[in-house]
>>> print(open('coords.cif').read())   # mmCIF, C-alpha atoms
data_coords
#
loop_
_atom_site.label_atom_id
_atom_site.label_comp_id
_atom_site.auth_asym_id
_atom_site.auth_seq_id
_atom_site.Cartn_x
_atom_site.Cartn_y
_atom_site.Cartn_z
CA MET A 1 31.00 9.12 -22.62
CA SER A 2 28.17 6.92 -21.56
CA ASP A 3 25.42 9.45 -22.16
CA GLY A 4 26.99 10.67 -25.36
CA ALA A 5 27.69 14.12 -23.91
CA ALA A 6 30.81 15.75 -25.30
CA THR A 7 33.78 16.22 -23.05
CA VAL A 8 34.23 19.79 -21.98
CA THR A 9 37.10 21.70 -20.44
CA VAL A 10 36.22 23.43 -17.20
CA ARG A 11 38.37 26.22 -15.77
CA ILE A 12 37.95 27.00 -12.09
CA ASP A 13 39.42 29.99 -10.28
CA VAL A 14 39.70 29.76 -6.51
CA MET A 15 40.40 32.94 -4.53
CA LEU A 16 40.69 33.72 -0.84
CA LYS A 17 37.64 35.65 0.36
CA ASP A 18 38.18 39.41 0.40
CA GLU A 19 38.19 39.54 4.19
CA ILE A 20 40.93 36.89 4.50
CA LEU A 21 44.44 38.33 4.66
CA ASP A 22 46.47 37.31 1.59
CA PRO A 23 50.15 37.63 2.49
CA GLN A 24 51.20 36.24 -0.90
CA GLY A 25 49.28 39.00 -2.64
CA GLN A 26 50.85 41.56 -0.33
CA ALA A 27 54.35 40.27 -1.07
CA VAL A 28 53.72 40.50 -4.82
CA GLU A 29 52.26 43.98 -4.38
CA ARG A 30 55.41 45.10 -2.55
CA ALA A 31 57.67 43.57 -5.21
CA LEU A 32 56.08 45.22 -8.25
CA PRO A 33 57.15 48.82 -7.47
CA GLN A 34 60.72 47.57 -7.12
CA LEU A 35 60.49 46.61 -10.80
CA GLY A 36 59.12 50.01 -11.72
CA PHE A 37 55.43 49.09 -11.85
CA GLU A 38 53.83 51.84 -9.83
CA GLY A 39 50.20 52.22 -8.87
CA VAL A 40 49.39 48.52 -8.51
CA GLU A 41 47.00 47.78 -5.67
CA ARG A 42 44.82 45.03 -4.20
CA VAL A 43 46.95 42.16 -5.51
CA ARG A 44 45.39 38.79 -4.62
CA VAL A 45 46.93 35.41 -5.40
CA GLY A 46 44.65 32.45 -6.06
CA LYS A 47 44.54 29.10 -7.81
CA HIS A 48 43.53 28.20 -11.33
CA ILE A 49 42.36 24.63 -11.91
CA GLU A 50 41.56 23.09 -15.29
CA LEU A 51 39.93 19.73 -15.86
CA ARG A 52 38.10 17.77 -18.54
CA VAL A 53 34.81 16.17 -17.72
CA ALA A 54 31.71 14.92 -19.52
CA GLY A 55 29.26 17.69 -20.33
CA GLY A 56 25.54 17.27 -19.90
CA ASP A 57 22.60 18.90 -18.20
CA ASP A 58 23.99 18.29 -14.72
CA LEU A 59 27.44 19.72 -15.50
CA ALA A 60 26.84 22.83 -13.40
CA ALA A 61 25.71 20.77 -10.43
CA ARG A 62 28.74 18.48 -10.70
CA VAL A 63 31.26 21.30 -11.03
CA GLU A 64 29.69 23.28 -8.17
CA SER A 65 29.76 20.16 -6.01
CA MET A 66 33.38 19.23 -6.72
CA ALA A 67 34.45 22.82 -6.12
CA ALA A 68 32.53 23.12 -2.85
CA LYS A 69 33.69 19.74 -1.54
CA LEU A 70 37.33 19.67 -2.56
CA LEU A 71 38.69 22.29 -4.94
CA ALA A 72 37.85 25.22 -2.64
CA ASN A 73 37.33 25.52 1.10
CA PRO A 74 34.11 27.54 1.51
CA VAL A 75 35.28 28.70 4.95
CA ILE A 76 38.03 30.85 3.43
CA GLU A 77 37.67 30.74 -0.35
CA THR A 78 35.28 31.51 -3.19
CA PHE A 79 35.31 30.04 -6.68
CA VAL A 80 34.07 30.88 -10.16
CA TRP A 81 34.17 28.62 -13.20
CA THR A 82 33.76 28.70 -16.93
CA VAL A 83 33.30 25.94 -19.47
CA GLU A 84 34.83 25.61 -22.91
CA ARG A 85 33.31 23.10 -25.30
CA THR A 86 35.87 20.94 -27.10
CA VAL A 87 35.53 18.39 -29.88
CA GLU A 88 35.78 14.81 -28.63
CA PRO A 89 38.16 12.86 -30.97
CA GLU A 90 36.33 9.52 -30.67
CA GLY A 91 32.95 11.30 -30.63
CA ALA A 92 29.72 9.35 -31.08
CA MET B 1 41.45 -0.16 30.82
CA ARG B 2 43.91 0.65 33.62
CA VAL B 3 47.33 -0.85 34.07
CA PRO B 4 47.59 -2.26 37.61
CA GLY B 5 49.79 -0.08 39.75
CA CYS B 6 49.70 2.78 37.29
CA SER B 7 49.70 6.08 39.12
CA ASP B 8 46.82 8.49 38.87
CA VAL B 9 49.09 11.52 38.70
CA SER B 10 47.89 14.08 36.19
CA GLY B 11 49.63 13.64 32.89
CA ILE B 12 49.65 9.84 33.05
CA VAL B 13 47.04 8.05 31.00
CA CYS B 14 47.63 4.49 32.21
CA GLY B 15 47.16 1.97 29.44
CA VAL B 16 44.46 3.72 27.42
CA ARG B 17 44.54 2.55 23.78
CA ILE B 18 44.97 5.65 21.65
CA GLY B 19 44.99 5.53 17.85
CA VAL B 20 47.52 7.59 15.90
CA VAL B 21 46.43 8.13 12.30
CA GLN B 22 49.06 7.72 9.60
CA PHE B 23 48.59 9.33 6.18
CA PRO B 24 51.05 9.23 3.30
CA GLY B 25 53.22 12.24 4.15
CA SER B 26 52.60 12.20 7.90
CA CYS B 27 55.90 12.68 9.72
CA ASP B 28 55.09 13.15 13.41
CA GLU B 29 53.20 9.92 13.97
CA ARG B 30 56.21 8.10 15.40
CA ASP B 31 56.89 10.91 17.87
CA ALA B 32 53.21 10.83 18.79
CA VAL B 33 53.40 7.09 19.43
CA TYR B 34 56.55 7.55 21.52
CA ALA B 35 55.03 10.44 23.48
CA LEU B 36 51.85 8.52 24.23
CA GLU B 37 53.96 5.59 25.46
CA VAL B 38 55.88 7.97 27.72
CA CYS B 39 52.53 9.16 29.08
CA GLY B 40 51.59 5.55 29.84
CA ALA B 41 49.11 5.05 27.02
CA GLU B 42 49.00 2.13 24.61
CA PRO B 43 49.28 3.77 21.19
CA VAL B 44 48.10 2.03 18.03
CA THR B 45 48.96 3.28 14.54
CA LEU B 46 45.91 3.59 12.28
CA TRP B 47 46.60 3.49 8.53
CA HIS B 48 44.69 6.06 6.45
CA GLY B 49 43.02 3.33 4.41
CA ALA B 50 41.56 1.61 7.46
CA ALA B 51 37.78 1.69 7.66
CA ASP B 52 37.61 1.33 11.44
CA LEU B 53 39.51 2.51 14.49
CA ASP B 54 40.50 -0.87 15.92
CA GLY B 55 38.59 -0.23 19.13
CA VAL B 56 40.74 2.67 20.36
CA GLU B 57 39.52 4.96 23.14
CA ALA B 58 40.89 8.19 21.68
CA VAL B 59 42.44 9.34 18.40
CA VAL B 60 45.41 11.59 17.61
CA VAL B 61 45.72 12.99 14.08
CA PRO B 62 49.40 13.89 13.94
CA GLY B 63 51.44 16.46 12.05
CA GLY B 64 53.30 16.28 8.79
CA PHE B 65 52.48 16.94 5.17
CA SER B 66 49.64 14.56 4.41
CA PHE B 67 49.32 13.95 0.66
CA GLY B 68 52.07 16.50 0.10
CA ASP B 69 49.84 19.34 1.35
CA TYR B 70 48.59 19.47 -2.25
CA LEU B 71 45.67 21.78 -3.04
CA ARG B 72 45.35 22.88 0.64
CA CYS B 73 46.85 21.39 3.79
CA GLY B 74 44.60 18.54 4.89
CA ALA B 75 42.21 18.89 1.94
CA ILE B 76 42.89 15.44 0.50
CA ALA B 77 43.59 13.61 3.77
CA ARG B 78 40.12 14.45 5.04
CA PHE B 79 38.62 12.10 2.44
CA SER B 80 40.70 9.10 3.58
CA PRO B 81 38.60 6.11 4.67
CA VAL B 82 39.89 6.38 8.24
CA MET B 83 38.55 9.93 8.49
CA GLY B 84 35.01 8.63 8.03
CA ALA B 85 35.56 6.47 11.08
CA VAL B 86 37.16 9.37 12.97
CA ALA B 87 34.16 11.60 12.18
CA ALA B 88 31.72 8.97 13.45
CA PHE B 89 33.86 8.48 16.57
CA ALA B 90 33.91 12.25 17.18
CA GLU B 91 30.16 12.56 16.70
CA ALA B 92 29.67 9.83 19.29
CA GLY B 93 31.69 11.94 21.77
CA GLY B 94 35.09 10.28 21.34
CA ALA B 95 38.21 12.30 22.15
CA VAL B 96 40.06 13.40 19.00
CA LEU B 97 43.17 15.58 18.92
CA GLY B 98 44.63 17.09 15.76
CA ILE B 99 48.17 18.43 15.95
CA CYS B 100 49.47 20.85 13.29
CA ASN B 101 48.66 19.10 9.99
CA GLY B 102 46.16 17.04 12.00
CA PHE B 103 44.49 20.30 13.09
CA GLN B 104 44.31 21.32 9.42
CA VAL B 105 42.77 17.96 8.51
CA LEU B 106 40.09 18.28 11.23
CA CYS B 107 39.22 21.82 10.06
CA GLU B 108 38.99 20.66 6.44
CA ALA B 109 36.77 17.80 7.60
CA GLY B 110 34.43 20.23 9.34
CA LEU B 111 35.06 18.58 12.72
CA LEU B 112 36.57 21.85 13.97
CA PRO B 113 35.54 25.43 13.15
CA GLY B 114 37.62 27.81 11.05
CA ALA B 115 40.66 27.19 8.86
CA LEU B 116 44.44 27.46 8.87
CA THR B 117 46.05 29.69 6.28
CA ARG B 118 49.52 30.79 5.27
CA ASN B 119 51.52 32.49 8.02
CA ALA B 120 51.14 36.26 7.81
CA ASN B 121 54.92 36.72 7.47
CA LEU B 122 55.09 33.99 4.78
CA ARG B 123 57.82 32.25 6.77
CA PHE B 124 57.94 28.72 8.07
CA VAL B 125 58.27 29.27 11.82
CA HIS B 126 60.08 26.78 14.01
CA ARG B 127 60.75 27.74 17.58
CA ALA B 128 59.84 27.16 21.20
CA GLN B 129 56.54 28.87 21.91
CA HIS B 130 54.54 29.64 25.04
CA VAL B 131 50.82 29.01 24.94
CA ARG B 132 48.17 29.63 27.57
CA VAL B 133 45.49 27.04 28.28
CA GLU B 134 42.11 28.77 27.99
CA ARG B 135 39.67 26.03 28.94
CA ARG B 136 39.30 22.46 30.04
CA SER B 137 38.56 19.85 27.40
CA ALA B 138 39.11 16.16 26.81
CA TRP B 139 42.76 17.03 26.12
CA THR B 140 43.33 19.63 28.86
CA ARG B 141 41.68 17.80 31.73
CA ALA B 142 44.94 17.67 33.66
CA VAL B 143 45.74 21.38 33.17
CA ALA B 144 44.07 24.33 34.88
CA PRO B 145 42.97 27.17 32.62
CA GLY B 146 45.60 29.91 32.74
CA THR B 147 48.49 27.43 32.77
CA VAL B 148 51.36 28.43 30.46
CA LEU B 149 52.98 25.61 28.50
CA ALA B 150 56.23 25.70 26.52
CA LEU B 151 55.80 23.72 23.31
CA PRO B 152 57.60 23.63 19.95
CA ILE B 153 55.90 25.01 16.86
CA LYS B 154 56.92 24.29 13.25
CA HIS B 155 54.55 25.29 10.49
CA GLY B 156 54.14 27.45 7.41
CA GLU B 157 50.35 27.47 7.42
CA GLY B 158 49.21 28.02 10.98
CA ARG B 159 47.35 31.33 10.80
CA TYR B 160 43.99 30.54 12.31
CA VAL B 161 41.01 32.29 10.75
CA HIS B 162 37.34 32.16 11.65
CA ASP B 163 34.54 34.44 10.52
CA ASP B 164 33.55 35.33 14.11
CA VAL B 165 36.42 34.57 16.45
CA ALA B 166 34.84 36.63 19.27
CA ALA B 167 31.79 34.39 19.19
CA LEU B 168 34.04 31.34 19.15
CA ALA B 169 35.83 32.60 22.27
CA ALA B 170 32.53 33.49 23.95
CA ALA B 171 31.37 29.93 23.29
CA GLY B 172 34.46 28.67 25.12
CA GLN B 173 35.93 27.00 22.06
CA VAL B 174 39.34 28.67 22.18
CA LEU B 175 41.63 26.07 23.76
CA LEU B 176 45.09 27.67 23.56
CA ARG B 177 46.43 31.14 22.81
CA TYR B 178 49.97 32.18 21.93
CA CYS B 179 51.51 34.09 24.84
CA HIS B 180 54.72 35.26 26.47
CA ALA B 181 56.46 33.27 29.21
CA ASP B 182 54.46 35.13 31.88
CA GLY B 183 51.17 34.23 30.22
CA THR B 184 50.51 37.63 28.66
CA VAL B 185 48.63 37.16 25.40
CA ASP B 186 49.37 39.81 22.78
CA HIS B 187 50.21 40.14 19.12
CA ALA B 188 53.96 40.24 19.79
CA ALA B 189 53.75 36.65 21.05
CA ASN B 190 51.83 35.54 17.96
CA PRO B 191 54.11 33.66 15.54
CA ASN B 192 51.84 33.49 12.51
CA GLY B 193 49.17 36.19 12.57
CA SER B 194 46.37 33.97 13.89
CA LEU B 195 43.21 35.88 14.75
CA ALA B 196 42.97 36.67 18.46
CA GLU B 197 46.28 34.80 19.01
CA VAL B 198 44.42 31.48 18.73
CA ALA B 199 46.75 28.47 18.86
CA GLY B 200 44.13 25.78 19.42
CA VAL B 201 40.35 25.32 19.36
CA THR B 202 37.74 22.73 20.22
CA ASN B 203 34.40 21.78 18.75
CA ALA B 204 31.26 22.91 20.59
CA ALA B 205 31.14 19.73 22.68
CA GLY B 206 34.82 19.95 23.66
CA ASN B 207 35.75 16.38 22.71
CA VAL B 208 37.51 17.33 19.47
CA ALA B 209 40.53 19.61 19.74
CA GLY B 210 43.13 20.96 17.35
CA LEU B 211 46.37 22.81 18.05
CA MET B 212 49.33 24.06 16.07
CA PRO B 213 51.99 23.49 18.79
CA HIS B 214 53.46 20.01 19.14
CA PRO B 215 52.97 18.36 22.55
CA GLU B 216 54.38 15.10 21.15
CA HIS B 217 57.80 16.76 20.73
CA ALA B 218 57.78 17.93 24.36
CA VAL B 219 57.66 14.86 26.59
CA ASP B 220 61.33 14.22 27.29
CA ARG B 221 63.71 16.35 29.41
CA LEU B 222 66.50 15.52 26.98
CA LEU B 223 64.70 17.60 24.35
CA GLY B 224 63.81 20.48 26.65
CA SER B 225 60.20 20.90 27.70
CA THR B 226 58.05 18.08 29.09
CA ASP B 227 54.92 20.24 29.02
CA GLY B 228 53.43 18.14 26.22
CA ARG B 229 52.66 15.41 28.74
CA ALA B 230 50.00 17.61 30.31
CA LEU B 231 47.99 17.47 27.06
CA LEU B 232 48.72 13.97 25.77
CA GLY B 233 48.32 12.53 29.24
CA SER B 234 44.94 14.15 29.81
CA VAL B 235 42.65 11.56 28.26
CA PRO B 236 41.11 9.50 31.06
#
>>> encode(input="coords.cif", output="structure tokens")
Amino acid sequence: MSDGAATVTVRIDVMLKDEILDPQGQAVERALPQLGFEGVERVRVGKHIELRVAGGDDLAARVESMAAKLLANPVIETFVWTVERTVEPEGA
Amino acid sequence: MRVPGCSDVSGIVCGVRIGVVQFPGSCDERDAVYALEVCGAEPVTLWHGAADLDGVEAVVVPGGFSFGDYLRCGAIARFSPVMGAVAAFAEAGGAVLGICNGFQVLCEAGLLPGALTRNANLRFVHRAQHVRVERRSAWTRAVAPGTVLALPIKHGEGRYVHDDVAALAAAGQVLLRYCHADGTVDHAANPNGSLAEVAGVTNAAGNVAGLMPHPEHAVDRLLGSTDGRALLGSVP
């Protein structure tokens, strides 16, 4: 990486906002009791996105920006993300 | 740009050059071109990589599965070079119509309010559908509000959501609502669970419109309804 920052793995979870109907979640919720899993409620289905990107001081700003612009639609979705530091094989 | 001798009957657009955007995965662009020709327009296909609109006087963003509908429908298409030109055209007051996937693209691009989500019943719906015209706009100039149109629908992600749909309606931005043949709007006529039975909306200015039904599939008696001409033929 140009600035010498190690590559990190970022995991982003995108979920429909609570007030948006989630018919996929409802379908899963209806299926679980048929398999004998009782008492399951509020099932929501979302997306999990993983990517590798250069770390650095502006990592948070970059991840927030890519999530807000493309990975999630702020009109209907929210996102949270975590970062996992990894060792870069060809590291400086 | 009028064709000499072209009639001024509503539903006939008479030689207007209208661009039809083509993304990888679009599938209704050829029907849109055909339908616009039937309406008397001069359609021009605009490739997604084009940086300008080739001087067209209106733009149709057609249906299909742009970029495979990956991530979210329309999410990737909205960053195509041509969409930058479409956004500038819309901001300058140009008439833009998004149909089905095109509606999703315009919502993702922020040119239209709200979003389209998975049908409430999780089924891909394909059927003839009645919709009621709620207001005049660039694309409903030739149709009086209250008119009921029969148009095909075919989508899996057409459930319209908006965080304040009552305010949207009060602002006059609801263009079409799902209804019965007699024009009655109720939930039983709603094929996908859209809020307030919304089938189409406009931006605040009224020059950008999006709808889930397909007017471009309804211009020929051979295929049933010709009600699509009323919308596609509206642009002056």
>>> residues_around(input="coords.cif", residues="Val40 (chain A)", least_positions_apart="5", cutoff="12 Å", atoms="all atoms listed in the file", output="mmCIF file with C-alpha atoms, keeping the file's coordinate frame")
data_model
loop_
_atom_site.group_PDB
_atom_site.id
_atom_site.type_symbol
_atom_site.label_atom_id
_atom_site.label_comp_id
_atom_site.auth_asym_id
_atom_site.auth_seq_id
_atom_site.Cartn_x
_atom_site.Cartn_y
_atom_site.Cartn_z
ATOM 1 C CA GLY A 25 49.280 39.000 -2.640
ATOM 2 C CA GLN A 26 50.850 41.560 -0.330
ATOM 3 C CA VAL A 28 53.720 40.500 -4.820
ATOM 4 C CA GLU A 29 52.260 43.980 -4.380
ATOM 5 C CA ARG A 30 55.410 45.100 -2.550
ATOM 6 C CA ALA A 31 57.670 43.570 -5.210
ATOM 7 C CA LEU A 32 56.080 45.220 -8.250
ATOM 8 C CA PRO A 33 57.150 48.820 -7.470
ATOM 9 C CA GLN A 34 60.720 47.570 -7.120
ATOM 10 C CA LEU A 35 60.490 46.610 -10.800
#
>>> resolve_selection(input="coords.cif", expression="the PyMOL selection byres ((chain A) within 7 of (chain B))", output="list in words")
Pro23, Leu70 and Val75 of chain A
>>> atom_distance(input="coords.cif", atom1="CA of Phe67 (chain B)", atom2="CA of Ser80 (chain B)")
10.3 Å
>>> atom_distance(input="coords.cif", atom1="CA of Ile18 (chain B)", atom2="CA of Leu106 (chain B)")
17.1 Å
>>> atom_distance(input="coords.cif", atom1="CA of Gly210 (chain B)", atom2="CA of Asp164 (chain B)")
17.6 Å
>>> resolve_selection(input="coords.cif", expression="the PyMOL selection byres ((chain A and resi 82) around 12)", output="number ranges by chain")
A: 8-13, 48-52, 59-60, 63-64, 79-81, 83-85
>>> resolve_selection(input="coords.cif", expression="the PyMOL selection byres ((chain B and resi 212-214) around 6)", output="list of chain:residue names")
B:Ile99, B:Cys100, B:Leu151, B:Pro152, B:Ile153, B:Ala199, B:Leu211, B:Pro215, B:Glu216, B:His217
>>> decode(input="coords.cif", residues="region 1-88 of chain A", atoms="C-alpha atoms", output="PDB file, in the first residue's frame")
ATOM      1  CA  MET A   1       0.000   0.000   0.000  1.00  0.00           C
ATOM      2  CA  SER A   2       1.249   3.403  -0.929  1.00  0.00           C
ATOM      3  CA  ASP A   3       1.099   4.878   2.555  1.00  0.00           C
ATOM      4  CA  GLY A   4       2.426   1.727   4.134  1.00  0.00           C
ATOM      5  CA  ALA A   5      -0.837   1.068   5.986  1.00  0.00           C
ATOM      6  CA  ALA A   6      -1.580  -2.609   6.470  1.00  0.00           C
ATOM      7  CA  THR A   7      -4.465  -4.144   4.600  1.00  0.00           C
ATOM      8  CA  VAL A   8      -7.428  -4.813   6.811  1.00  0.00           C
ATOM      9  CA  THR A   9     -10.531  -6.925   6.430  1.00  0.00           C
ATOM     10  CA  VAL A  10     -13.756  -4.997   6.875  1.00  0.00           C
ATOM     11  CA  ARG A  11     -17.058  -6.751   7.560  1.00  0.00           C
ATOM     12  CA  ILE A  12     -20.216  -4.792   6.860  1.00  0.00           C
ATOM     13  CA  ASP A  13     -23.723  -5.833   7.851  1.00  0.00           C
ATOM     14  CA  VAL A  14     -26.605  -4.202   6.000  1.00  0.00           C
ATOM     15  CA  MET A  15     -30.121  -4.543   7.412  1.00  0.00           C
ATOM     16  CA  LEU A  16     -33.501  -3.191   6.398  1.00  0.00           C
ATOM     17  CA  LYS A  17     -34.619  -0.457   8.800  1.00  0.00           C
ATOM     18  CA  ASP A  18     -36.917  -1.738  11.542  1.00  0.00           C
ATOM     19  CA  GLU A  19     -39.924   0.055  10.086  1.00  0.00           C
ATOM     20  CA  ILE A  20     -39.481  -1.518   6.635  1.00  0.00           C
ATOM     21  CA  LEU A  21     -41.440  -4.737   6.161  1.00  0.00           C
ATOM     22  CA  ASP A  22     -39.091  -7.709   5.698  1.00  0.00           C
ATOM     23  CA  PRO A  23     -41.049 -10.464   3.947  1.00  0.00           C
ATOM     24  CA  GLN A  24     -37.948 -12.682   3.762  1.00  0.00           C
ATOM     25  CA  GLY A  25     -37.583 -12.511   7.527  1.00  0.00           C
ATOM     26  CA  GLN A  26     -41.274 -13.291   7.931  1.00  0.00           C
ATOM     27  CA  ALA A  27     -40.999 -16.330   5.647  1.00  0.00           C
ATOM     28  CA  VAL A  28     -38.049 -17.659   7.644  1.00  0.00           C
ATOM     29  CA  GLU A  29     -39.907 -16.983  10.887  1.00  0.00           C
ATOM     30  CA  ARG A  30     -42.879 -19.017   9.635  1.00  0.00           C
ATOM     31  CA  ALA A  31     -40.618 -21.870   8.500  1.00  0.00           C
ATOM     32  CA  LEU A  32     -38.729 -22.362  11.770  1.00  0.00           C
ATOM     33  CA  PRO A  33     -41.669 -23.700  13.841  1.00  0.00           C
ATOM     34  CA  GLN A  34     -42.281 -26.277  11.120  1.00  0.00           C
ATOM     35  CA  LEU A  35     -38.825 -27.641  11.961  1.00  0.00           C
ATOM     36  CA  GLY A  36     -39.619 -27.688  15.655  1.00  0.00           C
ATOM     37  CA  PHE A  37     -37.921 -24.421  16.611  1.00  0.00           C
ATOM     38  CA  GLU A  38     -40.559 -22.698  18.688  1.00  0.00           C
ATOM     39  CA  GLY A  39     -40.452 -19.249  20.212  1.00  0.00           C
ATOM     40  CA  VAL A  40     -38.419 -17.565  17.475  1.00  0.00           C
ATOM     41  CA  GLU A  41     -39.493 -14.006  16.782  1.00  0.00           C
ATOM     42  CA  ARG A  42     -38.453 -10.835  14.949  1.00  0.00           C
ATOM     43  CA  VAL A  43     -36.453 -12.623  12.255  1.00  0.00           C
ATOM     44  CA  ARG A  44     -34.792 -10.129   9.896  1.00  0.00           C
ATOM     45  CA  VAL A  45     -32.749 -11.050   6.844  1.00  0.00           C
ATOM     46  CA  GLY A  46     -29.911  -8.770   5.766  1.00  0.00           C
ATOM     47  CA  LYS A  47     -26.645  -8.780   3.854  1.00  0.00           C
ATOM     48  CA  HIS A  48     -23.113  -9.426   5.028  1.00  0.00           C
ATOM     49  CA  ILE A  49     -20.324  -7.915   2.939  1.00  0.00           C
ATOM     50  CA  GLU A  50     -16.602  -8.522   3.451  1.00  0.00           C
ATOM     51  CA  LEU A  51     -13.805  -6.670   1.732  1.00  0.00           C
ATOM     52  CA  ARG A  52     -10.096  -5.975   2.077  1.00  0.00           C
ATOM     53  CA  VAL A  53      -8.864  -2.436   1.928  1.00  0.00           C
ATOM     54  CA  ALA A  54      -5.858  -0.394   3.039  1.00  0.00           C
ATOM     55  CA  GLY A  55      -6.070   0.666   6.665  1.00  0.00           C
ATOM     56  CA  GLY A  56      -5.070   4.119   7.812  1.00  0.00           C
ATOM     57  CA  ASP A  57      -6.441   7.066   9.714  1.00  0.00           C
ATOM     58  CA  ASP A  58      -9.201   7.703   7.190  1.00  0.00           C
ATOM     59  CA  LEU A  59     -10.411   4.085   7.123  1.00  0.00           C
ATOM     60  CA  ALA A  60     -13.607   4.910   9.002  1.00  0.00           C
ATOM     61  CA  ALA A  61     -14.421   7.759   6.647  1.00  0.00           C
ATOM     62  CA  ARG A  62     -13.812   5.575   3.584  1.00  0.00           C
ATOM     63  CA  VAL A  63     -15.880   2.659   4.850  1.00  0.00           C
ATOM     64  CA  GLU A  64     -18.742   4.921   5.951  1.00  0.00           C
ATOM     65  CA  SER A  65     -18.685   6.606   2.556  1.00  0.00           C
ATOM     66  CA  MET A  66     -18.680   3.401   0.498  1.00  0.00           C
ATOM     67  CA  ALA A  67     -21.467   1.982   2.635  1.00  0.00           C
ATOM     68  CA  ALA A  68     -23.602   5.122   2.391  1.00  0.00           C
ATOM     69  CA  LYS A  69     -23.062   5.527  -1.348  1.00  0.00           C
ATOM     70  CA  LEU A  70     -23.307   1.972  -2.606  1.00  0.00           C
ATOM     71  CA  LEU A  71     -23.334  -0.915  -0.148  1.00  0.00           C
ATOM     72  CA  ALA A  72     -26.505   0.255   1.615  1.00  0.00           C
ATOM     73  CA  ASN A  73     -29.422   2.425   0.557  1.00  0.00           C
ATOM     74  CA  PRO A  74     -29.924   4.898   3.426  1.00  0.00           C
ATOM     75  CA  VAL A  75     -33.576   5.311   2.428  1.00  0.00           C
ATOM     76  CA  ILE A  76     -34.416   1.764   3.540  1.00  0.00           C
ATOM     77  CA  GLU A  77     -31.320   0.269   5.157  1.00  0.00           C
ATOM     78  CA  THR A  78     -28.857   0.748   7.999  1.00  0.00           C
ATOM     79  CA  PHE A  79     -25.335  -0.633   8.240  1.00  0.00           C
ATOM     80  CA  VAL A  80     -22.747  -1.447  10.881  1.00  0.00           C
ATOM     81  CA  TRP A  81     -19.157  -2.490  10.280  1.00  0.00           C
ATOM     82  CA  THR A  82     -16.189  -3.966  12.055  1.00  0.00           C
ATOM     83  CA  VAL A  83     -12.545  -4.185  11.094  1.00  0.00           C
ATOM     84  CA  GLU A  84     -10.147  -7.063  11.563  1.00  0.00           C
ATOM     85  CA  ARG A  85      -6.442  -6.368  11.213  1.00  0.00           C
ATOM     86  CA  THR A  86      -4.588  -8.921   9.095  1.00  0.00           C
ATOM     87  CA  VAL A  87      -0.903  -9.407   8.355  1.00  0.00           C
ATOM     88  CA  GLU A  88       0.062  -8.219   4.879  1.00  0.00           C
TER      89      GLU A  88
END
